[in-house]
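**Student:** Take a look at my_file_26.csv, CSV, C-alpha atoms:
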```csv
chain,number,residue,atom,x,y,z
A,1,MET,CA,5.0,-33.4,-17.4
A,2,ARG,CA,6.8,-31.3,-14.8
A,3,THR,CA,9.0,-33.9,-13.2
A,4,ALA,CA,12.4,-34.1,-11.6
A,5,THR,CA,14.7,-36.6,-9.9
A,6,ILE,CA,17.4,-35.5,-7.5
A,7,LYS,CA,20.1,-37.8,-6.1
A,8,ARG,CA,22.2,-36.6,-3.2
A,9,LYS,CA,24.9,-38.6,-1.5
A,10,THR,CA,27.2,-37.5,1.3
A,11,LYS,CA,29.1,-39.3,4.0
A,12,GLU,CA,26.0,-38.9,6.2
A,13,THR,CA,23.1,-39.6,3.8
A,14,ASP,CA,22.2,-41.3,0.5
A,15,ILE,CA,18.9,-39.8,-0.8
A,16,GLU,CA,16.9,-40.0,-4.0
A,17,VAL,CA,13.8,-37.9,-4.5
A,18,SER,CA,11.4,-37.8,-7.5
A,19,VAL,CA,8.5,-35.5,-8.0
A,20,ASN,CA,5.7,-35.0,-10.5
A,21,LEU,CA,4.0,-31.7,-9.9
A,22,ASP,CA,1.1,-32.8,-12.1
A,23,GLY,CA,0.4,-36.0,-10.3
A,24,THR,CA,-2.4,-37.3,-8.1
A,25,GLY,CA,-0.6,-37.4,-4.7
A,26,VAL,CA,0.9,-40.9,-4.9
A,27,ALA,CA,3.6,-41.3,-2.3
A,28,ASN,CA,6.3,-43.9,-1.9
A,29,ILE,CA,8.3,-42.8,1.2
A,30,ALA,CA,11.1,-44.6,3.0
A,31,THR,CA,13.4,-42.6,5.2
A,32,GLY,CA,13.7,-44.9,8.2
A,33,ILE,CA,11.9,-42.3,10.4
A,34,GLY,CA,8.3,-43.2,10.9
A,35,PHE,CA,6.9,-39.8,11.9
A,36,PHE,CA,8.8,-38.1,9.1
A,37,ASP,CA,7.5,-40.6,6.6
A,38,HIS,CA,4.0,-39.8,7.8
A,39,MET,CA,4.6,-36.0,7.2
A,40,LEU,CA,6.0,-36.6,3.7
A,41,ASP,CA,3.1,-38.9,2.8
A,42,LEU,CA,0.5,-36.3,3.8
A,43,LEU,CA,2.5,-33.6,2.0
A,44,ALA,CA,2.2,-35.6,-1.2
A,45,ARG,CA,-1.4,-36.5,-0.6
A,46,HIS,CA,-2.7,-33.0,0.0
A,47,SER,CA,-0.5,-31.3,-2.6
A,48,ARG,CA,-1.4,-33.8,-5.3
A,49,ILE,CA,2.3,-34.0,-6.1
A,50,ASP,CA,3.5,-37.5,-6.7
A,51,LEU,CA,6.5,-38.1,-4.4
A,52,THR,CA,9.1,-40.8,-4.1
A,53,VAL,CA,11.7,-40.5,-1.3
A,54,LYS,CA,14.3,-43.1,-0.6
A,55,ALA,CA,16.7,-42.1,2.1
A,56,VAL,CA,19.4,-44.0,4.0
A,57,GLY,CA,21.1,-41.9,6.7
A,58,ASP,CA,23.1,-42.1,9.9
A,59,LEU,CA,20.1,-42.7,12.1
A,60,HIS,CA,22.4,-44.3,14.7
A,61,ILE,CA,23.5,-40.7,15.4
A,62,ASP,CA,20.2,-38.9,15.2
A,63,TYR,CA,17.5,-37.9,12.7
A,64,HIS,CA,19.0,-34.5,11.9
A,65,HIS,CA,21.0,-35.2,8.7
A,66,THR,CA,18.4,-37.4,7.1
A,67,THR,CA,15.6,-34.9,7.8
A,68,GLU,CA,17.6,-31.9,6.6
A,69,ASP,CA,19.1,-33.6,3.5
A,70,THR,CA,15.7,-34.8,2.5
A,71,GLY,CA,14.4,-31.3,2.6
A,72,ILE,CA,17.4,-30.2,0.5
A,73,ALA,CA,16.8,-32.8,-2.1
A,74,LEU,CA,13.0,-32.3,-2.2
A,75,GLY,CA,13.4,-28.6,-2.6
A,76,GLN,CA,15.9,-29.0,-5.5
A,77,ALA,CA,13.5,-31.5,-7.2
A,78,VAL,CA,10.5,-29.1,-6.9
A,79,ARG,CA,12.6,-26.2,-8.2
A,80,GLN,CA,13.9,-28.3,-11.2
A,81,ALA,CA,10.4,-29.5,-12.0
A,82,LEU,CA,9.1,-26.0,-12.1
A,83,GLY,CA,11.4,-25.1,-15.0
A,84,ASN,CA,11.1,-21.4,-15.9
A,85,MET,CA,7.9,-21.2,-13.9
A,86,ALA,CA,5.9,-20.0,-16.8
A,87,GLY,CA,2.1,-20.0,-16.2
A,88,ILE,CA,2.2,-20.9,-12.5
A,89,THR,CA,-0.2,-19.3,-10.1
A,90,ARG,CA,2.9,-18.4,-7.9
A,91,TYR,CA,1.2,-17.2,-4.7
A,92,ALA,CA,-0.9,-19.1,-2.3
A,93,GLY,CA,-1.9,-19.1,1.4
A,94,VAL,CA,-3.9,-21.3,3.6
A,95,HIS,CA,-5.1,-21.6,7.2
A,96,MET,CA,-4.8,-25.2,8.2
A,97,PRO,CA,-6.7,-26.6,11.2
A,98,MET,CA,-5.8,-29.8,12.9
A,99,ASP,CA,-8.1,-30.3,15.9
A,100,GLU,CA,-7.2,-27.7,18.4
A,101,THR,CA,-4.3,-26.3,16.3
A,102,LEU,CA,-4.4,-23.7,13.5
A,103,SER,CA,-1.5,-22.8,11.3
A,104,ARG,CA,-1.1,-20.3,8.5
A,105,VAL,CA,1.2,-21.1,5.6
A,106,VAL,CA,1.8,-18.6,2.8
A,107,ILE,CA,4.1,-19.2,-0.2
A,108,ASP,CA,5.6,-17.2,-3.0
A,109,ILE,CA,7.4,-19.2,-5.7
A,110,SER,CA,9.6,-16.3,-6.3
A,111,GLY,CA,13.1,-17.8,-6.9
A,112,ARG,CA,14.2,-15.8,-3.8
A,113,PRO,CA,14.5,-18.2,-0.9
A,114,PHE,CA,13.4,-17.1,2.5
A,115,LEU,CA,11.7,-18.7,5.5
A,116,VAL,CA,9.8,-17.2,8.4
A,117,PHE,CA,8.9,-20.0,10.8
A,118,LYS,CA,7.0,-19.4,14.0
A,119,ALA,CA,5.8,-22.4,15.8
A,120,ASP,CA,6.2,-23.4,19.5
A,121,PHE,CA,6.2,-27.1,20.3
A,122,PRO,CA,5.0,-28.0,23.8
A,123,ARG,CA,7.2,-31.2,23.7
A,124,ASP,CA,10.8,-31.8,22.5
A,125,LYS,CA,9.9,-35.0,20.8
A,126,ILE,CA,7.1,-36.6,18.8
A,127,GLY,CA,7.8,-40.2,19.5
A,128,GLU,CA,11.6,-40.4,18.7
A,129,PHE,CA,11.5,-37.4,16.3
A,130,ASP,CA,12.9,-34.1,17.6
A,131,THR,CA,10.4,-31.3,17.1
A,132,GLU,CA,13.2,-28.8,16.3
A,133,LEU,CA,13.7,-30.8,13.1
A,134,VAL,CA,10.4,-29.6,11.7
A,135,ARG,CA,11.9,-26.1,11.3
A,136,GLU,CA,15.1,-27.6,9.9
A,137,TRP,CA,13.2,-29.4,7.2
A,138,PHE,CA,11.2,-26.3,6.3
A,139,GLN,CA,14.4,-24.2,6.1
A,140,ALA,CA,16.1,-26.8,3.9
A,141,PHE,CA,13.1,-27.1,1.6
A,142,ALA,CA,12.5,-23.3,1.2
A,143,ILE,CA,16.1,-22.4,0.5
A,144,ASN,CA,16.6,-25.2,-2.1
A,145,ALA,CA,13.1,-24.8,-3.7
A,146,GLY,CA,13.8,-21.1,-4.1
A,147,VAL,CA,10.6,-20.1,-2.4
A,148,THR,CA,9.6,-17.4,0.1
A,149,LEU,CA,7.7,-19.3,2.8
A,150,HIS,CA,5.9,-18.1,5.9
A,151,VAL,CA,4.7,-20.7,8.4
A,152,GLU,CA,3.1,-19.7,11.7
A,153,THR,CA,1.1,-21.7,14.1
A,154,LEU,CA,-1.4,-19.3,15.5
A,155,TYR,CA,-2.4,-21.7,18.4
A,156,GLY,CA,-2.2,-25.3,19.4
A,157,ASP,CA,-1.4,-27.6,22.3
A,158,ASN,CA,-0.4,-30.9,20.7
A,159,SER,CA,3.1,-31.2,19.1
A,160,HIS,CA,1.9,-33.8,16.6
A,161,HIS,CA,-1.0,-31.6,15.5
A,162,ILE,CA,1.2,-28.6,15.2
A,163,ALA,CA,3.7,-30.3,12.9
A,164,GLU,CA,0.9,-31.9,10.9
A,165,SER,CA,-0.9,-28.6,10.4
A,166,CYS,CA,2.4,-27.0,9.1
A,167,PHE,CA,3.1,-29.8,6.6
A,168,LYS,CA,-0.6,-30.0,5.5
A,169,GLY,CA,-0.6,-26.2,5.1
A,170,LEU,CA,2.5,-26.3,2.9
A,171,ALA,CA,0.9,-29.1,0.9
A,172,ARG,CA,-2.3,-27.1,0.2
A,173,ALA,CA,-0.3,-23.9,-0.5
A,174,LEU,CA,2.0,-25.8,-2.9
A,175,ARG,CA,-1.0,-27.4,-4.7
A,176,THR,CA,-2.3,-23.9,-5.6
A,177,ALA,CA,0.9,-22.1,-6.2
A,178,VAL,CA,2.4,-24.7,-8.6
A,179,ALA,CA,-0.8,-25.0,-10.6
A,180,ILE,CA,-1.0,-23.5,-14.0
A,181,ASP,CA,-3.2,-20.4,-14.1
A,182,PRO,CA,-5.5,-21.0,-17.2
A,183,LYS,CA,-5.6,-17.2,-17.7
A,184,ALA,CA,-1.8,-16.9,-17.8
A,185,VAL,CA,-0.5,-20.0,-19.6
A,186,GLY,CA,3.0,-19.5,-20.8
A,187,GLU,CA,3.4,-16.1,-19.0
A,188,ILE,CA,6.0,-15.5,-16.3
A,189,PRO,CA,4.1,-14.3,-13.3
A,190,SER,CA,6.4,-11.3,-12.7
A,191,THR,CA,6.7,-7.7,-13.9
A,192,LYS,CA,10.4,-8.4,-14.4
A,193,GLY,CA,9.7,-11.1,-17.0
A,194,SER,CA,11.6,-13.7,-15.0
A,195,LEU,CA,11.7,-15.3,-11.6
A,196,GLY,CA,14.7,-16.1,-9.6
A,197,GLY,CA,16.3,-12.9,-8.3
```
Rewrite the structure from the file as structure tokens, please.
**Tutor:**
Amino acid sequence: MRTATIKRKTKETDIEVSVNLDGTGVANIATGIGFFDHMLDLLARHSRIDLTVKAVGDLHIDYHHTTEDTGIALGQAVRQALGNMAGITRYAGVHMPMDETLSRVVIDISGRPFLVFKADFPRDKIGEFDTELVREWFQAFAINAGVTLHVETLYGDNSHHIAESCFKGLARALRTAVAIDPKAVGEIPSTKGSLGG
């Protein structure tokens, strides 16, 4: 089983994240941020990655630290669970519709972290959640997972739909990219013979 648990504690947050890349999409999420819990729940559901997140953060200040640090911990957990990445499909891309919104998410589990994020949110907040934190989460996740990730909303009018299409797009791209390629079991999907630099 490709599993990992990461514990991260700072003066700002106390977070524990567990993943099972070969799960069924079971989620147990508690960050204290309703909208963010919703995004992580659908990330688990549509990626088929079992995900447990328990986060306690300085929400009396704002949601930034909890959101970013959860992205860091989840990225580290995914990277650890991938091990040497032998046999993975590695690349995946998806166009994800959400009503009037369409986003494109493309991933390369390369070991070389990079994020391109292009999404304009019509509103500054979704409920109490700052929309600028969507990018912050994706940045933290991509860098710590060691993936190259391109996220672009092609069009959309509703901030909730835009965020949801980005998270669902990542979920479906991850689902394909982390899957073991039956034609390449045990092989490192790189001409270098290794991934990570």
**Student:** Using all atoms listed in the file, which residue out of A:Leu154, A:Ala177, A:Val17, A:Ile29 lies closest to A:Pro97?
**Tutor:** A:Leu154
**Student:** What is the distance, in Å and to one decimal place, between atom CA of A:Ile15 and atom CA of A:His160?
**Tutor:** 25.1 Å
**Student:** Please, which residues in stretch 93-117 of chain A fall within 8 Å of stretch 135-143 of chain A when counting all atoms listed in the file, and what is the closest atom pair and distance in Å to one decimal for each, ordered by chain then residue number, as a tab-separated table?
**Tutor:**
```
residue	atom	partner	partner_atom	distance
A:Pro113	CA	A:Ile143	CA	4.7
A:Phe114	CA	A:Ile143	CA	6.3
A:Leu115	CA	A:Gln139	CA	6.2
A:Phe117	CA	A:Arg135	CA	6.8
```
**Student:** Dig up all the protein and nucleic acid residues within 12 Å of (3.1, -24.5, 10.7) in the file frame, using all atoms listed in the file, and format them as a VMD selection string.
**Tutor:** chain A and resid 93 to 98 101 to 106 115 to 121 131 134 to 135 137 to 138 149 to 156 159 to 171 173
**Student:** For each of A:Lys183, A:Tyr63, A:Gln80, A:Thr176, take the minimum atom-to-atom distance to A:Phe35, counting all atoms listed in the file, then give the residue where this is smallest.
**Tutor:** A:Tyr63
**Student:** Nearest to A:Thr24 among A:Ile109, A:Ala44, A:Ile188, A:Ala4, with distances taken over all atoms listed in the file: which residue is it?
**Tutor:**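 Among A:Ile109, A:Ala44, A:Ile188, A:Ala4, it is A:Ala44 that comes nearest to A:Thr24.
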**Student:** Pull the neighbourhood of (8.9, -43.9, -4.7) for me: all residues within 10 Å in file coordinates, counting only C-alpha atoms, as a ChimeraX atom specification.
**Tutor:** /A:16-19,26-30,50-54
**Student:** Can you sort out stretch 8-22 of chain A so it carries N, CA, C and O atoms, written as an mmCIF file, in the coordinates of the input?
**Tutor:**
```cif
data_model
loop_
_atom_site.group_PDB
_atom_site.id
_atom_site.type_symbol
_atom_site.label_atom_id
_atom_site.label_comp_id
_atom_site.auth_asym_id
_atom_site.auth_seq_id
_atom_site.Cartn_x
_atom_site.Cartn_y
_atom_site.Cartn_z
ATOM 1 N N ARG A 8 21.222 -37.309 -4.032
ATOM 2 C CA ARG A 8 22.200 -36.600 -3.200
ATOM 3 C C ARG A 8 22.841 -37.609 -2.258
ATOM 4 O O ARG A 8 22.180 -38.305 -1.483
ATOM 5 N N LYS A 9 24.166 -37.667 -2.357
ATOM 6 C CA LYS A 9 24.900 -38.600 -1.500
ATOM 7 C C LYS A 9 26.052 -37.911 -0.838
ATOM 8 O O LYS A 9 26.864 -37.229 -1.476
ATOM 9 N N THR A 10 26.105 -38.058 0.478
ATOM 10 C CA THR A 10 27.200 -37.500 1.300
ATOM 11 C C THR A 10 27.681 -38.632 2.203
ATOM 12 O O THR A 10 27.179 -39.761 2.156
ATOM 13 N N LYS A 11 28.619 -38.321 3.072
ATOM 14 C CA LYS A 11 29.100 -39.300 4.000
ATOM 15 C C LYS A 11 28.015 -39.588 5.102
ATOM 16 O O LYS A 11 28.108 -40.565 5.839
ATOM 17 N N GLU A 12 26.999 -38.715 5.151
ATOM 18 C CA GLU A 12 26.000 -38.900 6.200
ATOM 19 C C GLU A 12 24.660 -39.453 5.650
ATOM 20 O O GLU A 12 23.958 -40.141 6.390
ATOM 21 N N THR A 13 24.350 -39.188 4.367
ATOM 22 C CA THR A 13 23.100 -39.600 3.800
ATOM 23 C C THR A 13 23.216 -40.032 2.351
ATOM 24 O O THR A 13 24.103 -39.545 1.644
ATOM 25 N N ASP A 14 22.301 -40.881 1.901
ATOM 26 C CA ASP A 14 22.200 -41.300 0.500
ATOM 27 C C ASP A 14 20.698 -41.168 0.165
ATOM 28 O O ASP A 14 19.890 -41.968 0.655
ATOM 29 N N ILE A 15 20.341 -40.165 -0.641
ATOM 30 C CA ILE A 15 18.900 -39.800 -0.800
ATOM 31 C C ILE A 15 18.599 -39.710 -2.313
ATOM 32 O O ILE A 15 19.374 -39.155 -3.097
ATOM 33 N N GLU A 16 17.440 -40.240 -2.684
ATOM 34 C CA GLU A 16 16.900 -40.000 -4.000
ATOM 35 C C GLU A 16 15.451 -39.590 -3.895
ATOM 36 O O GLU A 16 14.655 -40.224 -3.196
ATOM 37 N N VAL A 17 15.136 -38.484 -4.551
ATOM 38 C CA VAL A 17 13.800 -37.900 -4.500
ATOM 39 C C VAL A 17 13.298 -37.683 -5.917
ATOM 40 O O VAL A 17 14.021 -37.138 -6.756
ATOM 41 N N SER A 18 12.073 -38.103 -6.190
ATOM 42 C CA SER A 18 11.400 -37.800 -7.500
ATOM 43 C C SER A 18 10.094 -37.162 -7.241
ATOM 44 O O SER A 18 9.368 -37.532 -6.302
ATOM 45 N N VAL A 19 9.778 -36.173 -8.077
ATOM 46 C CA VAL A 19 8.500 -35.500 -8.000
ATOM 47 C C VAL A 19 7.837 -35.372 -9.335
ATOM 48 O O VAL A 19 8.509 -35.310 -10.365
ATOM 49 N N ASN A 20 6.519 -35.359 -9.311
ATOM 50 C CA ASN A 20 5.700 -35.000 -10.500
ATOM 51 C C ASN A 20 4.679 -34.025 -10.014
ATOM 52 O O ASN A 20 3.737 -34.366 -9.282
ATOM 53 N N LEU A 21 4.893 -32.767 -10.411
ATOM 54 C CA LEU A 21 4.000 -31.700 -9.900
ATOM 55 C C LEU A 21 2.604 -31.826 -10.454
ATOM 56 O O LEU A 21 1.680 -31.247 -9.884
ATOM 57 N N ASP A 22 2.412 -32.588 -11.512
ATOM 58 C CA ASP A 22 1.100 -32.800 -12.100
ATOM 59 C C ASP A 22 0.523 -34.143 -11.820
ATOM 60 O O ASP A 22 -0.230 -34.705 -12.620
#
```
